[in-house]
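Reviewing the structure listed below.
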Amino acid sequence: MNKLFFIIALNFICIYLSFGFSDSLPPKKLGDVEIVELYTGHRKKNNQIENQIIFAGKKNELILLKNNTLNTVDNSARQIFSKVPGISVWENDGSGVQVNIASRGLSPNRSWEFNIRQNGYDISSDPYGYPEAYFNPPMEAVSKIQILRGAAAVQFGSQFGGLVNYIVHEPPTDKTFDFNTRQTLGSFNMINSYNQIGGTIDKFSYIGYYNYKNADGFRSNSGYNIHNGYLRLGYTLNKNLKINVEASALKYILQQAGGLTDNQFSSNIKQSNRSRNWFNINWFVPNFNLNYSKGRHQFDLKIFGLVGERNSIGYVRAINVPDTINNQTGAYNHRQIDRDYYKNIGSEGRYLFNYNISGFQQNIAIGARYFYGTTRRAQNGKGDTQSDFNLNLQDSLFGRDLKFVSQNIALFGEHVFRFKNLSIIPGIRLEVLQNTSEGYLSRNTTTGELNYINPQRRWRVFPLAALGLEYTIARSTEIYANASQAYRPVLFSDLTPSATTDSISKDLKDANGFNFDLGYRGNISNWFDFDISGFYIIYKDRIGTIAEKNESGSIYQLRKNLGVAHHRGIEAYIGFDPIRLSGQASKLGSIKLWTSIAYINAIYVDFPITKIESGNIVVDNLKNKRVENAPEFIARAGVILNYKSFELNFLFNYVSGTYADATNTKEPNSSATIGFIPAYNVMDLNFSYRFMNDRLLVKGGITNLTNRRYFTRRAGGYPGPGVLPA
């Protein structure tokens with residue numbers, strides 16, 4: 001009741017403020033305005049060139065989140081990315097603070113197969129050694145999301161999945177002060193408060209938000225507390241030159257309920273066998289941006305950084321091992337503390353030059369990038385025997401303490417050659433990457449002796465090339481195709497042996513391969529739009545662990561390049577509005593019927609594995625096994641009904657079954673870390689209504705309309721291990 005009173009009171013205050021302080025500036029000529037037609041259903045493709053980035057000839061989507069009816073409070077990825085065919089989602093985190101998405105059969109783990117950016121700059125831990133995205137902006141603060149798949153490596157470097165770029169709301173240009181607030185109540189005592197201010201005063205502009213979210217969570221021991229803030233200050237020096245300074249900050253604490261066995265999941269998905277496991281993130285991302293535009297010339301410079309921490313404390317044994325009072329000590333067993341510290345700095349400059357040949361505009365985009373990042377990984381620390389969140393180390397040292405450094409320099413360029421209906425887009429990129437590692441791998445708690453690793457320094461050069469084509473068949477439809485090289489660097493975890501007897505191959509190299517796309521897209525008037533394409537990924541030199549014998553005949557585990565996987569399939573999006581086709585949209589509103597479907601055939605074509613039988617090494621191969629966590633079918637469909645100020649949005653989501661491990665184990669093990677992940681379908685319903693001249697918006701929704709019981713992930717460690725209910 002107190003929360004309800006707080007929400008109502010705050011809304012009345014905010015309504016009063018919005019009437020009293022949204023004063024307008026004197027009339028003035030505005031810049032270019034982007035008009036988004038309603039029939040797109042919150043989705044369209046990017047322009048051929050935007051912000052010095054070339055999208056022509058590439059598989060790309062633009063998700064429009066402004067004025068939508070989706071569940072942005074929970075960052076519901078299956079809703080937000082629903083119209084992007086083939087996006088798979090891990091849904092174990094009810095808070096939505098971490099977005100786990102992937103495409104085309106790649107792993108959704110913290111979106112690490114994508115290059116994740118905000119306003120065009122990096123926000124992940126380390127894109128070259130630990131590309132996990134612990135930070136994502138709250139979707140209420142995001143106006144649109146740019147997605148570029150296939151041929152993204154030339155412009156954005158190391159990844160196979162592509163680019164996901166969150167674009168935060170711009171400052172309003174017609175007001176000196178604007179206040180926007182959204183207050184939300186939800187199930188499991190969820191309260192969400194999003195508050196945003198912004199405006200423009202002469203040459204100065206500003207925008208900022210603060211988002212607070214708290215809930216008990218849908219399972220026992222799964223509560224969370226989230227603070228998220230952002231501030232951007234801009235100044236227009238003259239009509240050609242602008243500068244912006246912005247910073248994002250995030251702090252949250254999640255209680256982690258842990259995984260379940262399959263039997264526990266079947267009996268009660270809300271139960272938890274872990275009450276002492278916690279996860280914490282502290283993230284700060286600053287950015288300086290300079291933008292120059294005059295005539296044929298456009299230049300953009302970003303200087304960005306990161307200071308962040310990833311912390312966890314908990315009882316990390318297998319989920320079938322209970323976390324109980326130790327009879328000998330009369331207390332719980334000691335928990336384990338793991339901490340990561342990140343400090344990054346980077347810069348990226350992009351220059352676009354436009355010129356004409358025979359009346360056709362040509363575009364050349366070139367750029368350069370520098371990145372320096374350090375990661376300190378302190379693990380296996382001895383925590384206390386309590387149940388609350390703390391990081392109180394009981395020993396003077398961690399069981400493992402390593403330092404990794406990444407340095408990257410890149411030069412890249414693309415050119416759009418236009419010849420009437422045909423555009424040819426060649427591109428090249430040259431990357432120089434260096435990784436170093438040092439520290440100790442383990443610690444003898446009896447003697448205090450530290451097992452130091454041999455300091456490593458890996459230096460390599462990656463030349464990448466791409467070629468794109470775009471052919472306009474009619475005014476509003478086109479064929480596009482591209483071929484692009486791609487690579488994924490050796491991760492920090494690949495350089496860290498899991499045991500002192502394990503070894504890392506001195507010839508370990510980065511995964512590499514190719515992306516291919518061929519598609520047809522466009523729209524017919526304002527009632528039909530589509531994008532149908534095929535893709536093919538060749539993913540070579542995947543890293544794995546294999547048993548070998550040393551000179552003395554002892555068996556050890558060697559981490560090396562082993563496998564090749566091929567990912568191929570078809571992606572299709574179709575949207576249709578029968579009312580607009582009939583010409584009665586002005587009287588009846590609109591009904592958008594849409595579907596996005598993906599068929600994904602992700603198969604290992606070669607991947608040797610070993611096992612030990614009677615002291616001997618037995619060799620097998622994963623050839624023709626399905627890639628783990630790669631569903632074969634992902635189908636989504638929906639209806640968006642608009643009538644005057646009312647909008648209703650219904651979504652149906654189907655994902656076929658998949659395997660949690662590369663050996664395609666069907667029956668789960670006792671700790672539920674491997675086994676089949678069954679197919680599931682789930683429905684969502686959202687609505688919104690605007691009144692008081694659009695000053696007030698009421699939204700509501702039901703996530704998982706039919707209360708479907710399902711899971712999308714089996715975890716081998718945090719935040720499990722075991723089955724993680726969705």
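By convention here, the chains of the structure tokens are called A, B, ... in the order presented, each chain's residues are numbered starting at 1, and ligands are numbered starting at 1 in the order presented.
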(request) Identify all residues of range 324-453 of chain A in strand (DSSP E) (DSSP on the backbone) and supply them as a PyMOL selection string. (result) chain A and resi 325-326+331-332+336-357+360-382+400-419+422-443+450-452
(request) Within 10 Å of Gln407 in chain A, counting only C-alpha atoms, which residues show up once you throw out same-chain ones fewer than 2 positions away? Write them as a VMD selection string, please. (result) chain A and resid 128 344 to 346 370 to 374 405 409 432 to 436 459
So which residues of range 530-646 of chain A fall under helix (DSSP H, G or I) by DSSP, listed as an mmCIF file with N, CA, C and O atoms, in the first residue's frame?
```
data_model
loop_
_atom_site.group_PDB
_atom_site.id
_atom_site.type_symbol
_atom_site.label_atom_id
_atom_site.label_comp_id
_atom_site.auth_asym_id
_atom_site.auth_seq_id
_atom_site.Cartn_x
_atom_site.Cartn_y
_atom_site.Cartn_z
ATOM 1 N N PRO A 578 -3.939 -4.961 -43.126
ATOM 2 C CA PRO A 578 -5.094 -5.047 -44.026
ATOM 3 C C PRO A 578 -5.958 -3.798 -44.037
ATOM 4 O O PRO A 578 -6.594 -3.492 -45.051
ATOM 5 N N ILE A 579 -6.004 -3.053 -42.942
ATOM 6 C CA ILE A 579 -6.829 -1.846 -42.906
ATOM 7 C C ILE A 579 -6.216 -0.758 -43.776
ATOM 8 O O ILE A 579 -6.911 -0.066 -44.527
ATOM 9 N N ARG A 580 -4.909 -0.601 -43.718
ATOM 10 C CA ARG A 580 -4.251 0.376 -44.587
ATOM 11 C C ARG A 580 -4.394 -0.019 -46.059
ATOM 12 O O ARG A 580 -4.505 0.836 -46.936
ATOM 13 N N LEU A 581 -4.377 -1.315 -46.330
ATOM 14 C CA LEU A 581 -4.584 -1.776 -47.703
ATOM 15 C C LEU A 581 -5.973 -1.374 -48.199
ATOM 16 O O LEU A 581 -6.146 -1.002 -49.364
ATOM 17 N N SER A 582 -6.956 -1.419 -47.323
ATOM 18 C CA SER A 582 -8.323 -1.068 -47.715
ATOM 19 C C SER A 582 -8.543 0.427 -47.831
ATOM 20 O O SER A 582 -9.580 0.866 -48.326
ATOM 21 N N ALA A 585 -7.685 3.447 -43.026
ATOM 22 C CA ALA A 585 -6.883 3.602 -41.807
ATOM 23 C C ALA A 585 -7.298 4.807 -40.987
ATOM 24 O O ALA A 585 -7.275 4.778 -39.760
ATOM 25 N N SER A 586 -7.685 5.902 -41.632
ATOM 26 C CA SER A 586 -8.037 7.110 -40.893
ATOM 27 C C SER A 586 -9.280 6.911 -40.035
ATOM 28 O O SER A 586 -9.459 7.565 -39.014
ATOM 29 N N LYS A 587 -10.184 5.999 -40.456
ATOM 30 C CA LYS A 587 -11.408 5.752 -39.705
ATOM 31 C C LYS A 587 -11.236 4.638 -38.677
ATOM 32 O O LYS A 587 -11.758 4.707 -37.570
ATOM 33 N N LEU A 588 -10.529 3.597 -39.071
ATOM 34 C CA LEU A 588 -10.468 2.394 -38.240
ATOM 35 C C LEU A 588 -9.140 2.210 -37.511
ATOM 36 O O LEU A 588 -8.966 1.242 -36.787
#
```
(request) Rank nothing, just name the residue among A:Gly105, A:Glu431, A:Asn46, A:Tyr194 nearest to Tyr604 in chain A, using only C-alpha atoms. (result)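 Of all the options, A:Gly105 lies closest to Tyr604 in chain A.
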(request) Write out as a PyMOL selection string each polymer residue whose atoms come within 7 Å of Gln183 in chain A, counting only C-alpha atoms; drop sequence neighbours fewer than 2 positions from it. (result) chain A and resi 7+181+192-194
Keeping all heavy atoms for every residue in the selection just given, could you write it to a file as a PDB file, in the first residue's frame?
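Output contents, as saved in part-v2.pdb:
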```pdb
ATOM      1  N   ILE A   7       3.618   5.884  -5.647  1.00  0.00           N
ATOM      2  CA  ILE A   7       3.503   5.984  -7.099  1.00  0.00           C
ATOM      3  C   ILE A   7       2.476   7.046  -7.488  1.00  0.00           C
ATOM      4  O   ILE A   7       2.714   7.892  -8.350  1.00  0.00           O
ATOM      5  CB  ILE A   7       3.118   4.623  -7.702  1.00  0.00           C
ATOM      6  CG1 ILE A   7       4.273   3.638  -7.532  1.00  0.00           C
ATOM      7  CG2 ILE A   7       2.767   4.751  -9.176  1.00  0.00           C
ATOM      8  CD1 ILE A   7       5.470   3.944  -8.376  1.00  0.00           C
ATOM      9  N   THR A 181       8.629  11.291 -16.608  1.00  0.00           N
ATOM     10  CA  THR A 181       8.736  10.296 -15.546  1.00  0.00           C
ATOM     11  C   THR A 181       7.818   9.122 -15.825  1.00  0.00           C
ATOM     12  O   THR A 181       6.732   9.288 -16.400  1.00  0.00           O
ATOM     13  CB  THR A 181       8.389  10.909 -14.168  1.00  0.00           C
ATOM     14  OG1 THR A 181       8.598   9.935 -13.148  1.00  0.00           O
ATOM     15  CG2 THR A 181       6.951  11.389 -14.125  1.00  0.00           C
ATOM     16  N   ASN A 192       9.500   0.285 -10.101  1.00  0.00           N
ATOM     17  CA  ASN A 192      10.456   0.845 -11.051  1.00  0.00           C
ATOM     18  C   ASN A 192      10.164   2.336 -11.211  1.00  0.00           C
ATOM     19  O   ASN A 192       9.024   2.728 -11.486  1.00  0.00           O
ATOM     20  CB  ASN A 192      10.346   0.151 -12.406  1.00  0.00           C
ATOM     21  CG  ASN A 192      11.356   0.677 -13.419  1.00  0.00           C
ATOM     22  OD1 ASN A 192      12.510   0.288 -13.422  1.00  0.00           O
ATOM     23  ND2 ASN A 192      10.908   1.581 -14.290  1.00  0.00           N
ATOM     24  N   SER A 193      11.176   3.153 -11.046  1.00  0.00           N
ATOM     25  CA  SER A 193      11.026   4.596 -11.165  1.00  0.00           C
ATOM     26  C   SER A 193      12.037   5.114 -12.172  1.00  0.00           C
ATOM     27  O   SER A 193      13.246   5.073 -11.928  1.00  0.00           O
ATOM     28  CB  SER A 193      11.240   5.270  -9.801  1.00  0.00           C
ATOM     29  OG  SER A 193      11.149   6.681  -9.931  1.00  0.00           O
ATOM     30  N   TYR A 194      11.525   5.586 -13.313  1.00  0.00           N
ATOM     31  CA  TYR A 194      12.392   6.164 -14.354  1.00  0.00           C
ATOM     32  C   TYR A 194      12.081   7.654 -14.463  1.00  0.00           C
ATOM     33  O   TYR A 194      10.925   8.048 -14.665  1.00  0.00           O
ATOM     34  CB  TYR A 194      12.162   5.483 -15.698  1.00  0.00           C
ATOM     35  CG  TYR A 194      12.968   6.104 -16.819  1.00  0.00           C
ATOM     36  CD1 TYR A 194      14.299   5.744 -17.007  1.00  0.00           C
ATOM     37  CD2 TYR A 194      12.415   7.061 -17.655  1.00  0.00           C
ATOM     38  CE1 TYR A 194      15.057   6.325 -18.016  1.00  0.00           C
ATOM     39  CE2 TYR A 194      13.166   7.645 -18.668  1.00  0.00           C
ATOM     40  CZ  TYR A 194      14.485   7.279 -18.839  1.00  0.00           C
ATOM     41  OH  TYR A 194      15.236   7.865 -19.835  1.00  0.00           O
TER      42      TYR A 194
END
```
(request) Tell me, as a ChimeraX atom specification, which residues lie within 9 Å of range 52-60 of chain A, counting only C-alpha atoms; anything in the same chain fewer than 6 positions away does not count. (result) /A:44-46,146-152,155,298-300,350-352,363,365-366,414-416,423-425,467-471,479-482,517-519,533
Just-selected residues, N, CA, C and O atoms written as a short mmCIF file (atom, residue, chain, number, x, y, z; two decimals), in the first residue's frame:
```cif
data_model
loop_
_atom_site.label_atom_id
_atom_site.label_comp_id
_atom_site.auth_asym_id
_atom_site.auth_seq_id
_atom_site.Cartn_x
_atom_site.Cartn_y
_atom_site.Cartn_z
N LYS A 44 12.26 -1.07 -38.78
CA LYS A 44 12.57 -0.77 -40.18
C LYS A 44 14.05 -1.03 -40.38
O LYS A 44 14.74 -1.47 -39.48
N LYS A 45 14.55 -0.76 -41.58
CA LYS A 45 15.98 -0.90 -41.80
C LYS A 45 16.65 0.46 -41.63
O LYS A 45 15.99 1.52 -41.71
N ASN A 46 17.94 0.45 -41.39
CA ASN A 46 18.69 1.69 -41.28
C ASN A 46 18.84 2.34 -42.65
O ASN A 46 18.74 1.67 -43.70
N GLN A 146 20.27 -0.06 -33.20
CA GLN A 146 20.79 -0.44 -34.51
C GLN A 146 21.39 -1.84 -34.42
O GLN A 146 22.18 -2.13 -33.51
N ILE A 147 21.02 -2.71 -35.37
CA ILE A 147 21.54 -4.07 -35.41
C ILE A 147 22.12 -4.30 -36.80
O ILE A 147 21.46 -4.07 -37.81
N LEU A 148 23.36 -4.72 -36.83
CA LEU A 148 24.05 -4.99 -38.09
C LEU A 148 24.65 -6.38 -37.99
O LEU A 148 25.46 -6.67 -37.12
N ARG A 149 24.21 -7.28 -38.88
CA ARG A 149 24.68 -8.66 -38.83
C ARG A 149 25.45 -9.01 -40.10
O ARG A 149 25.38 -8.31 -41.11
N GLY A 150 26.19 -10.10 -40.03
CA GLY A 150 26.93 -10.53 -41.22
C GLY A 150 28.20 -9.75 -41.40
O GLY A 150 29.25 -10.10 -40.83
N ALA A 151 28.13 -8.67 -42.15
CA ALA A 151 29.34 -7.95 -42.57
C ALA A 151 29.69 -6.81 -41.63
O ALA A 151 30.01 -5.70 -42.07
N ALA A 152 29.66 -7.02 -40.34
CA ALA A 152 29.95 -5.95 -39.39
C ALA A 152 31.42 -5.87 -39.01
O ALA A 152 31.87 -4.87 -38.46
N GLN A 155 33.84 -2.83 -40.08
CA GLN A 155 33.69 -1.54 -39.42
C GLN A 155 33.85 -1.61 -37.91
O GLN A 155 34.17 -0.60 -37.28
N GLN A 298 32.23 14.84 -43.25
CA GLN A 298 31.70 14.54 -41.93
C GLN A 298 32.78 13.82 -41.13
O GLN A 298 33.42 12.90 -41.64
N PHE A 299 32.96 14.25 -39.90
CA PHE A 299 33.97 13.63 -39.04
C PHE A 299 33.40 13.46 -37.64
O PHE A 299 32.72 14.35 -37.11
N ASP A 300 33.69 12.30 -37.05
CA ASP A 300 33.21 12.02 -35.69
C ASP A 300 34.33 11.37 -34.90
O ASP A 300 34.97 10.42 -35.36
N ARG A 350 35.93 8.48 -37.16
CA ARG A 350 35.33 8.10 -38.43
C ARG A 350 35.17 9.34 -39.31
O ARG A 350 34.68 10.38 -38.86
N TYR A 351 35.56 9.19 -40.57
CA TYR A 351 35.47 10.28 -41.53
C TYR A 351 34.71 9.81 -42.76
O TYR A 351 34.99 8.73 -43.30
N LEU A 352 33.73 10.60 -43.19
CA LEU A 352 32.92 10.29 -44.36
C LEU A 352 33.05 11.42 -45.38
O LEU A 352 32.88 12.60 -45.04
N ASN A 363 30.31 7.51 -51.76
CA ASN A 363 30.67 7.72 -50.36
C ASN A 363 31.88 6.88 -49.99
O ASN A 363 31.94 5.70 -50.33
N ALA A 365 34.11 5.98 -46.49
CA ALA A 365 34.19 6.10 -45.04
C ALA A 365 35.47 5.42 -44.57
O ALA A 365 35.72 4.26 -44.89
N ILE A 366 36.28 6.14 -43.82
CA ILE A 366 37.51 5.59 -43.27
C ILE A 366 37.55 5.88 -41.77
O ILE A 366 36.86 6.77 -41.27
N GLU A 414 35.57 1.74 -46.02
CA GLU A 414 34.58 1.18 -46.94
C GLU A 414 34.21 2.26 -47.96
O GLU A 414 34.28 3.46 -47.68
N HIS A 415 33.80 1.80 -49.14
CA HIS A 415 33.43 2.72 -50.20
C HIS A 415 32.12 2.26 -50.82
O HIS A 415 31.93 1.07 -51.10
N VAL A 416 31.20 3.21 -51.03
CA VAL A 416 29.95 2.92 -51.72
C VAL A 416 30.06 3.47 -53.14
O VAL A 416 30.08 4.69 -53.35
N SER A 423 24.66 -0.67 -56.25
CA SER A 423 25.70 -0.16 -55.36
C SER A 423 26.66 -1.30 -55.04
O SER A 423 26.23 -2.41 -54.71
N ILE A 424 27.95 -1.02 -55.13
CA ILE A 424 29.00 -1.98 -54.79
C ILE A 424 29.78 -1.40 -53.62
O ILE A 424 30.24 -0.26 -53.67
N ILE A 425 29.93 -2.21 -52.57
CA ILE A 425 30.52 -1.69 -51.33
C ILE A 425 31.68 -2.59 -50.90
O ILE A 425 31.49 -3.57 -50.17
N LEU A 467 32.89 -7.48 -49.08
CA LEU A 467 32.30 -6.96 -50.31
C LEU A 467 30.79 -7.06 -50.20
O LEU A 467 30.24 -8.13 -49.92
N GLY A 468 30.11 -5.93 -50.42
CA GLY A 468 28.66 -5.90 -50.37
C GLY A 468 28.07 -5.41 -51.67
O GLY A 468 28.71 -4.65 -52.42
N LEU A 469 26.85 -5.85 -51.96
CA LEU A 469 26.13 -5.44 -53.16
C LEU A 469 24.71 -5.07 -52.78
O LEU A 469 24.11 -5.70 -51.89
N GLU A 470 24.16 -4.06 -53.45
CA GLU A 470 22.77 -3.70 -53.24
C GLU A 470 22.19 -3.26 -54.58
O GLU A 470 22.72 -2.36 -55.23
N TYR A 471 21.10 -3.92 -54.97
CA TYR A 471 20.49 -3.63 -56.27
C TYR A 471 19.03 -3.27 -56.06
O TYR A 471 18.25 -4.05 -55.51
N ILE A 479 17.60 -6.00 -53.56
CA ILE A 479 18.36 -7.22 -53.27
C ILE A 479 19.69 -6.79 -52.65
O ILE A 479 20.32 -5.83 -53.11
N TYR A 480 20.11 -7.49 -51.61
CA TYR A 480 21.40 -7.17 -50.99
C TYR A 480 22.18 -8.46 -50.77
O TYR A 480 21.63 -9.55 -50.60
N ALA A 481 23.49 -8.34 -50.79
CA ALA A 481 24.38 -9.48 -50.59
C ALA A 481 25.70 -8.99 -50.04
O ALA A 481 26.12 -7.85 -50.32
N ASN A 482 26.35 -9.82 -49.25
CA ASN A 482 27.69 -9.46 -48.77
C ASN A 482 28.45 -10.71 -48.38
O ASN A 482 27.87 -11.75 -48.08
N ASP A 517 25.73 -13.30 -46.64
CA ASP A 517 24.30 -12.96 -46.60
C ASP A 517 23.79 -12.73 -48.02
O ASP A 517 24.50 -12.16 -48.86
N LEU A 518 22.55 -13.12 -48.26
CA LEU A 518 21.86 -12.83 -49.51
C LEU A 518 20.39 -12.65 -49.19
O LEU A 518 19.77 -13.55 -48.60
N GLY A 519 19.83 -11.48 -49.56
CA GLY A 519 18.45 -11.23 -49.17
C GLY A 519 17.71 -10.28 -50.08
O GLY A 519 18.29 -9.64 -50.97
N SER A 533 15.98 -13.49 -46.18
CA SER A 533 17.40 -13.66 -46.52
C SER A 533 17.90 -15.02 -46.07
O SER A 533 17.29 -15.70 -45.23
#
```
(message) Restricting the calculation to only C-alpha atoms: of A:Val168, A:Gly399, A:Leu411, A:Asp202, which residue gets closest to Asn451 in chain A?
(response)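 Among the listed residues, the smallest separation from Asn451 in chain A belongs to A:Gly399.
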(request) Rank A:Gly563, A:Gly717, A:Gly157, A:Pro678 by their smallest atom-to-atom distance to Pro608 in chain A, using only C-alpha atoms, and report the top residue only. (result)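 Nearest to Pro608 in chain A: A:Gly563.
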(request) Choose the residue, out of A:Lys592, A:Arg274, A:Arg376, A:Lys144, that has the smallest atom-to-atom separation from Phe576 in chain A; count only C-alpha atoms. (result)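 Nearest to Phe576 in chain A: A:Lys592.
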(request) Choose the residue, out of A:Gln456, A:Gln394, A:Asn109, A:Thr472, that has the smallest atom-to-atom separation from Arg714 in chain A; count only C-alpha atoms. (result) A:Asn109
